[in-house]
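Below: one structure, written as structure tokens.
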Amino acid sequence: MTQFYRNYLAVAVFAVAALGMVGAMLGVGRLVRPNRPQPEKYIAYEAGSDPIRGFGQSNVRYYVYALLFVMFDVEAVFIFPWAINLEALGVSALISMIVFILVLTLGLVYAWRKGVLRWA
Amino acid sequence: MKVHWDLHALAPLVAVTVTIVVVLIADFFFEYRERFKTYQLAAFGTLAALIPIITLARDGGTRSLFGGAFVVDTYTLAFQGFFLIVAYVTLLISVDHIGEGDYYQGEFYVLVLTSTLGMMIMAGARDLITIFVALEMISIPTFVLAGWRKHDTRSNEAAVKYFIIGVLSSAVMLYGISMVYGLSGSTSLSGIAEYAGSAGTPALLSIAIFLTIVGFAFKISAVPFHFWAPDTYDGAPIPVTAFLSVASKAGGFVALLNVIFFGFYASHTSWQPIIWVLAALSMTVGNLVAIRQTSIVRMLAYSSIAQGGFMLVPFAVAGVGSSKHASFEAVIVYILIYGAMNLGMFACVIAAMRRTQSDEISSFGGMSKYSPILAVMTSAFLFSLAGIPPLAGWFAKFVMFRSVLDAGTTPAVILGVIAALNSVIAFFYYAGVARAIWFRETPEGIDLRPLKTPFALNAAIAITGSFVLIVGIYPQVIARLGELAGAAL
């Protein structure tokens with residue numbers, strides 16, 4: 001049973017340390033920083049231009065393009081190490097990479113067929 | 001370094017992957033009215049994937065792939081088969097709901113199958129990275145499925161809550177996993193088991209195990225990490241709720257089985273107490289809150305939290321050497337039986353709601369008047385969930401209690417008493433629904449002509465219903481399956 005308490009003492013110390021860290025950082029910030037409230041400071045920062053109320057500032061269509069970009073960006077992460085070791089890995093690795101790229105391309109074809117790429 | 005491919009061992013996964021690709025491509029070419037054909041393709045592919053599972057089971061033996069990160073043995077095959085059948089029944093109960101609701105059909109089946117693929121990978125995963133990838137593969141499609149009714153704010157809320165909790169739990173779990181790797185120098189479960197066996201329990205390992213299990217606790221909605229489940233289950237379309245509460249939950253439990261029994265087992269002084277607390281809280285809180293629910297879907301959400309608590313009980317006593325095997329088998333048997341009875345229950349709710357158009361328990365009053373067969377089946381699933389013989393639920397509870405008695409330690413016995421008390425509490429609210437169905441008056445405005453349910457829904461109820469009845473009367477069937485799967489440990 002003592003072993004049990006010792007194990008959980010560590011978990012408790014860990015939890016207290018985590019809470020203490022957050023508290024200390026926020027607390028020190030509060031003590032040190034000057035406090036001069038101005039209405040402008042409470043406006044959402046949007047690259048210098050005045051925000052218009054609510055959502056709808058940025059076009060939701062950008063999101064789809066960002067998503068498609070990330071898809072092929074991540075693909076590159078897998079292709080580089082594969083390309084460097086291609087000779088050592090042999091034919092089976094080539095086949096698996098082709099399958100991988102085809103499945104990824106299917107995502108693009110899907111977006112295309114569903115008319116997501118049309119900017120209208 | 002040549003990559004060796006054991007294609008036979010991968011065949012079930014390949015079959016499902018091919019089905020996903022074919023359904024997605026086919027969806028481009030079908031006219032709007034022909035979209036139901038995507039369902040036929042998906043159902044066919046799901047059943048076809050069962051064939052290699054049967055041939056692999058006949059071959060027997062253990063196949064280790066990718067440097068031991070993926071293992072195909074009896075345990076893996078049992079769960080892969082289970083997940084495929086669950087996916088098939090989910091397709092059966094969703095086809096009319098999704099088709100009539102004018103939702104995107106092809107995508108729905110693709111997402112259900114993708115999540116199923118993740119579960120099948122999870123069944124064979126013996127490496128923390130594979131487990132993590134499989135868990136994400138299970139979760140991400142279900143985030144989308146939960147928000148399937150795009151224009152319904154409750155469905156949106158369900159998806160957002162589920163997504164945020166899912167991401168948070170992944171982060172907590174990854175933090176734990178990173179510490180485990182830092183300590184043991186290995187991500188493979190066998191390497192971790194070796195480390196846990198030799199190192200005793202350093203304090204940092206306790207923290208790592210604690211964080212990893214908290215991550216899983218979110219996924220299996222164990223109290224106190226359950227608060228997302230009722231809202232998500234309530235807001236999602238009901239076939240999706242059925243899928244979440246059965247398949248997704250079972251996926252989380254399989255992950256927990258893998259991690260605890262193949263990896264952390266030797267450090268049982270670290271994980272046993274956490275799971276003990278989670279099990280006791282889940283059973284008690286789940287049941288007590290379920291009593292107060294007036295909506296059947298919310299009641300089933302809390303009941304599934306409580307059932308999750310019962311499934312955690314064997315984990316909490318597994319650290320005692322003599323009960324290791326009994327606990328492992330008990331969890332497997334409980335998951336298989338829970339899957340059948342809960343899916344069947346949801347199929348009945350979907351069938352009844354075609355008439356009542358409401359998920360209030362009171363609106364189910366007098367169901368026996370317009371659909372006696374459905375009333376019988378609903379009551380059967382309710383009593384099975386409550387654990388009344390001769391329905392499958394009693395055997396699930398029986399193996400759970402047997403594992404507790406095998407362990408026989410004081411904490412195990414206390415947990416057994418809590419579980420017994422909760423079985424009694426659970427009976428109240430399950431029987432309450434049955435009472436409404438048989439003895440209450442039919443509410444105003446409900447058509448009393450006989451209810452016709454679509455063929456697919458009837459098939460789903462027949463499959464799960466016959467399983468619940470057969471296993472209840474001949475539990476040897478499932479006990480043998482549990483034994484075979486347990487032999488992989």
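Here, A, B, ... name the chains of the structure tokens in the order displayed, residue numbers run from 1 inside each chain, and ligands are numbered from 1 in the same displayed order.
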
Practice item. Kindly determine which residues of chain B lie within 12 Å of chain A, considering only C-alpha atoms, and give the answer as a PyMOL selection string. Key: chain B and resi 1-7+14+17-18+20-29+104+106-107+200-211+267-274

Convert the current residue selection to file output with C-alpha atoms, as an mmCIF file, in the first residue's frame.
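selection_17.cif, freshly written:
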data_model
loop_
_atom_site.group_PDB
_atom_site.id
_atom_site.type_symbol
_atom_site.label_atom_id
_atom_site.label_comp_id
_atom_site.auth_asym_id
_atom_site.auth_seq_id
_atom_site.Cartn_x
_atom_site.Cartn_y
_atom_site.Cartn_z
ATOM 1 C CA MET B 1 15.745 -3.438 -46.032
ATOM 2 C CA LYS B 2 12.950 -5.162 -47.922
ATOM 3 C CA VAL B 3 9.406 -4.540 -46.804
ATOM 4 C CA HIS B 4 7.684 -7.858 -46.365
ATOM 5 C CA TRP B 5 3.972 -7.975 -47.062
ATOM 6 C CA ASP B 6 1.805 -10.709 -45.654
ATOM 7 C CA LEU B 7 -1.140 -9.926 -47.900
ATOM 8 C CA VAL B 14 -7.502 -4.157 -47.914
ATOM 9 C CA THR B 17 -10.141 0.087 -48.060
ATOM 10 C CA VAL B 18 -11.121 -0.981 -51.572
ATOM 11 C CA ILE B 20 -14.285 2.812 -49.308
ATOM 12 C CA VAL B 21 -12.584 3.886 -52.552
ATOM 13 C CA VAL B 22 -15.186 2.173 -54.753
ATOM 14 C CA VAL B 23 -18.132 3.691 -52.856
ATOM 15 C CA LEU B 24 -16.600 7.163 -53.052
ATOM 16 C CA ILE B 25 -15.965 6.893 -56.798
ATOM 17 C CA ALA B 26 -19.346 5.252 -57.487
ATOM 18 C CA ASP B 27 -21.061 8.129 -55.706
ATOM 19 C CA PHE B 28 -19.812 10.491 -58.475
ATOM 20 C CA PHE B 29 -21.588 8.548 -61.196
ATOM 21 C CA TYR B 104 -25.549 12.832 -48.410
ATOM 22 C CA GLY B 106 -22.358 8.031 -50.353
ATOM 23 C CA GLU B 107 -20.278 10.109 -47.964
ATOM 24 C CA GLY B 200 9.262 -1.519 -11.006
ATOM 25 C CA THR B 201 7.164 1.623 -10.926
ATOM 26 C CA PRO B 202 9.127 4.859 -11.043
ATOM 27 C CA ALA B 203 7.022 7.916 -10.251
ATOM 28 C CA LEU B 204 7.200 9.249 -13.803
ATOM 29 C CA LEU B 205 5.765 5.998 -15.167
ATOM 30 C CA SER B 206 2.764 6.438 -12.878
ATOM 31 C CA ILE B 207 2.174 9.924 -14.290
ATOM 32 C CA ALA B 208 2.580 8.637 -17.846
ATOM 33 C CA ILE B 209 0.130 5.778 -17.296
ATOM 34 C CA PHE B 210 -2.278 8.133 -15.531
ATOM 35 C CA LEU B 211 -2.322 10.568 -18.477
ATOM 36 C CA SER B 267 2.811 -1.807 -13.427
ATOM 37 C CA HIS B 268 -0.597 -2.769 -12.083
ATOM 38 C CA THR B 269 -0.082 -0.787 -8.891
ATOM 39 C CA SER B 270 -0.250 2.283 -11.152
ATOM 40 C CA TRP B 271 -3.196 1.589 -13.406
ATOM 41 C CA GLN B 272 -5.426 -0.577 -11.257
ATOM 42 C CA PRO B 273 -6.561 2.122 -8.775
ATOM 43 C CA ILE B 274 -7.363 4.669 -11.531
#

Practice item. Write down as a VMD selection string the residues belonging to chain A that are assigned alpha helix (DSSP H) by DSSP computed on the backbone. Key: chain A and resid 2 to 32 61 to 84 86 to 89 91 to 113

Using the selection just defined, write its residues with C-alpha atoms as an mmCIF file, in the first residue's frame.
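Listing of selection-v9.cif after writing:
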data_model
loop_
_atom_site.group_PDB
_atom_site.id
_atom_site.type_symbol
_atom_site.label_atom_id
_atom_site.label_comp_id
_atom_site.auth_asym_id
_atom_site.auth_seq_id
_atom_site.Cartn_x
_atom_site.Cartn_y
_atom_site.Cartn_z
ATOM 1 C CA THR A 2 2.876 2.394 0.675
ATOM 2 C CA GLN A 3 4.043 1.798 -2.888
ATOM 3 C CA PHE A 4 0.568 2.780 -4.023
ATOM 4 C CA TYR A 5 0.641 6.069 -2.100
ATOM 5 C CA ARG A 6 4.126 6.863 -3.355
ATOM 6 C CA ASN A 7 2.966 6.356 -6.969
ATOM 7 C CA TYR A 8 0.049 8.712 -6.548
ATOM 8 C CA LEU A 9 2.052 11.243 -4.569
ATOM 9 C CA ALA A 10 3.964 11.790 -7.812
ATOM 10 C CA VAL A 11 0.719 12.312 -9.737
ATOM 11 C CA ALA A 12 -0.503 14.776 -7.119
ATOM 12 C CA VAL A 13 2.790 16.718 -7.099
ATOM 13 C CA PHE A 14 2.632 16.814 -10.880
ATOM 14 C CA ALA A 15 -0.912 18.202 -10.858
ATOM 15 C CA VAL A 16 -0.076 20.831 -8.217
ATOM 16 C CA ALA A 17 3.034 21.867 -10.164
ATOM 17 C CA ALA A 18 0.982 22.234 -13.360
ATOM 18 C CA LEU A 19 -1.635 24.408 -11.642
ATOM 19 C CA GLY A 20 1.065 26.386 -9.804
ATOM 20 C CA MET A 21 2.918 27.098 -13.035
ATOM 21 C CA VAL A 22 -0.149 28.549 -14.761
ATOM 22 C CA GLY A 23 -1.131 30.508 -11.652
ATOM 23 C CA ALA A 24 2.370 31.899 -11.205
ATOM 24 C CA MET A 25 2.689 33.028 -14.810
ATOM 25 C CA LEU A 26 -0.692 34.738 -14.886
ATOM 26 C CA GLY A 27 -0.166 36.134 -11.383
ATOM 27 C CA VAL A 28 3.253 37.628 -12.107
ATOM 28 C CA GLY A 29 1.855 39.148 -15.293
ATOM 29 C CA ARG A 30 -0.947 40.744 -13.351
ATOM 30 C CA LEU A 31 1.417 42.195 -10.736
ATOM 31 C CA VAL A 32 4.011 43.524 -13.160
ATOM 32 C CA ARG A 61 -13.956 29.254 -49.262
ATOM 33 C CA TYR A 62 -10.354 29.948 -48.272
ATOM 34 C CA TYR A 63 -10.748 27.151 -45.754
ATOM 35 C CA VAL A 64 -11.252 24.528 -48.455
ATOM 36 C CA TYR A 65 -8.142 25.677 -50.299
ATOM 37 C CA ALA A 66 -6.133 25.642 -47.084
ATOM 38 C CA LEU A 67 -7.329 22.107 -46.416
ATOM 39 C CA LEU A 68 -6.380 20.902 -49.885
ATOM 40 C CA PHE A 69 -3.011 22.611 -49.541
ATOM 41 C CA VAL A 70 -2.330 20.879 -46.215
ATOM 42 C CA MET A 71 -3.228 17.545 -47.783
ATOM 43 C CA PHE A 72 -0.486 17.806 -50.379
ATOM 44 C CA ASP A 73 1.893 19.506 -47.990
ATOM 45 C CA VAL A 74 1.727 16.501 -45.673
ATOM 46 C CA GLU A 75 2.106 14.193 -48.639
ATOM 47 C CA ALA A 76 5.523 15.758 -49.245
ATOM 48 C CA VAL A 77 6.580 14.826 -45.702
ATOM 49 C CA PHE A 78 6.064 11.181 -46.603
ATOM 50 C CA ILE A 79 7.491 11.380 -50.110
ATOM 51 C CA PHE A 80 10.921 12.859 -49.236
ATOM 52 C CA PRO A 81 12.193 10.093 -46.956
ATOM 53 C CA TRP A 82 10.746 7.525 -49.334
ATOM 54 C CA ALA A 83 12.476 9.084 -52.351
ATOM 55 C CA ILE A 84 15.853 9.123 -50.593
ATOM 56 C CA LEU A 86 13.825 4.307 -52.879
ATOM 57 C CA GLU A 87 16.600 2.044 -54.191
ATOM 58 C CA ALA A 88 16.995 0.229 -50.901
ATOM 59 C CA LEU A 89 13.268 -0.184 -50.365
ATOM 60 C CA VAL A 91 9.439 -2.352 -55.790
ATOM 61 C CA SER A 92 6.989 -2.994 -52.955
ATOM 62 C CA ALA A 93 7.677 0.492 -51.555
ATOM 63 C CA LEU A 94 7.103 1.983 -55.010
ATOM 64 C CA ILE A 95 3.742 0.239 -55.252
ATOM 65 C CA SER A 96 2.685 1.339 -51.783
ATOM 66 C CA MET A 97 3.641 4.943 -52.554
ATOM 67 C CA ILE A 98 1.639 4.853 -55.794
ATOM 68 C CA VAL A 99 -1.386 3.541 -53.888
ATOM 69 C CA PHE A 100 -0.898 6.247 -51.256
ATOM 70 C CA ILE A 101 -0.753 9.038 -53.839
ATOM 71 C CA LEU A 102 -3.746 7.642 -55.710
ATOM 72 C CA VAL A 103 -5.850 7.566 -52.544
ATOM 73 C CA LEU A 104 -4.814 11.141 -51.759
ATOM 74 C CA THR A 105 -5.648 12.231 -55.300
ATOM 75 C CA LEU A 106 -9.080 10.735 -54.823
ATOM 76 C CA GLY A 107 -9.662 13.426 -52.217
ATOM 77 C CA LEU A 108 -8.868 16.117 -54.765
ATOM 78 C CA VAL A 109 -11.082 14.440 -57.375
ATOM 79 C CA TYR A 110 -13.858 14.327 -54.800
ATOM 80 C CA ALA A 111 -13.532 18.050 -54.077
ATOM 81 C CA TRP A 112 -13.491 18.770 -57.794
ATOM 82 C CA ARG A 113 -16.556 16.649 -58.598
#

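Using only C-alpha atoms, the contacts of Tyr195 of chain B at a cut-off of 9 Å, with sequence neighbours closer than 2 positions omitted, comprise Leu183, Ser184, Gly185, Ser186, Ser190, Gly191, Ile192, Ala193, Gly197, Ser198, Ala199, Gly200 and Ala266 of chain B.
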
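What separates atom CA of Ala306 of chain B from atom CA of Ala236 of chain B is a distance of 20.0 Å.
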
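In terms of minimum interatomic distance to Phe264 of chain B, B:Ala196 ranks closest within B:Ala279, B:Val333, B:Val424, B:Ala196, counting only C-alpha atoms.
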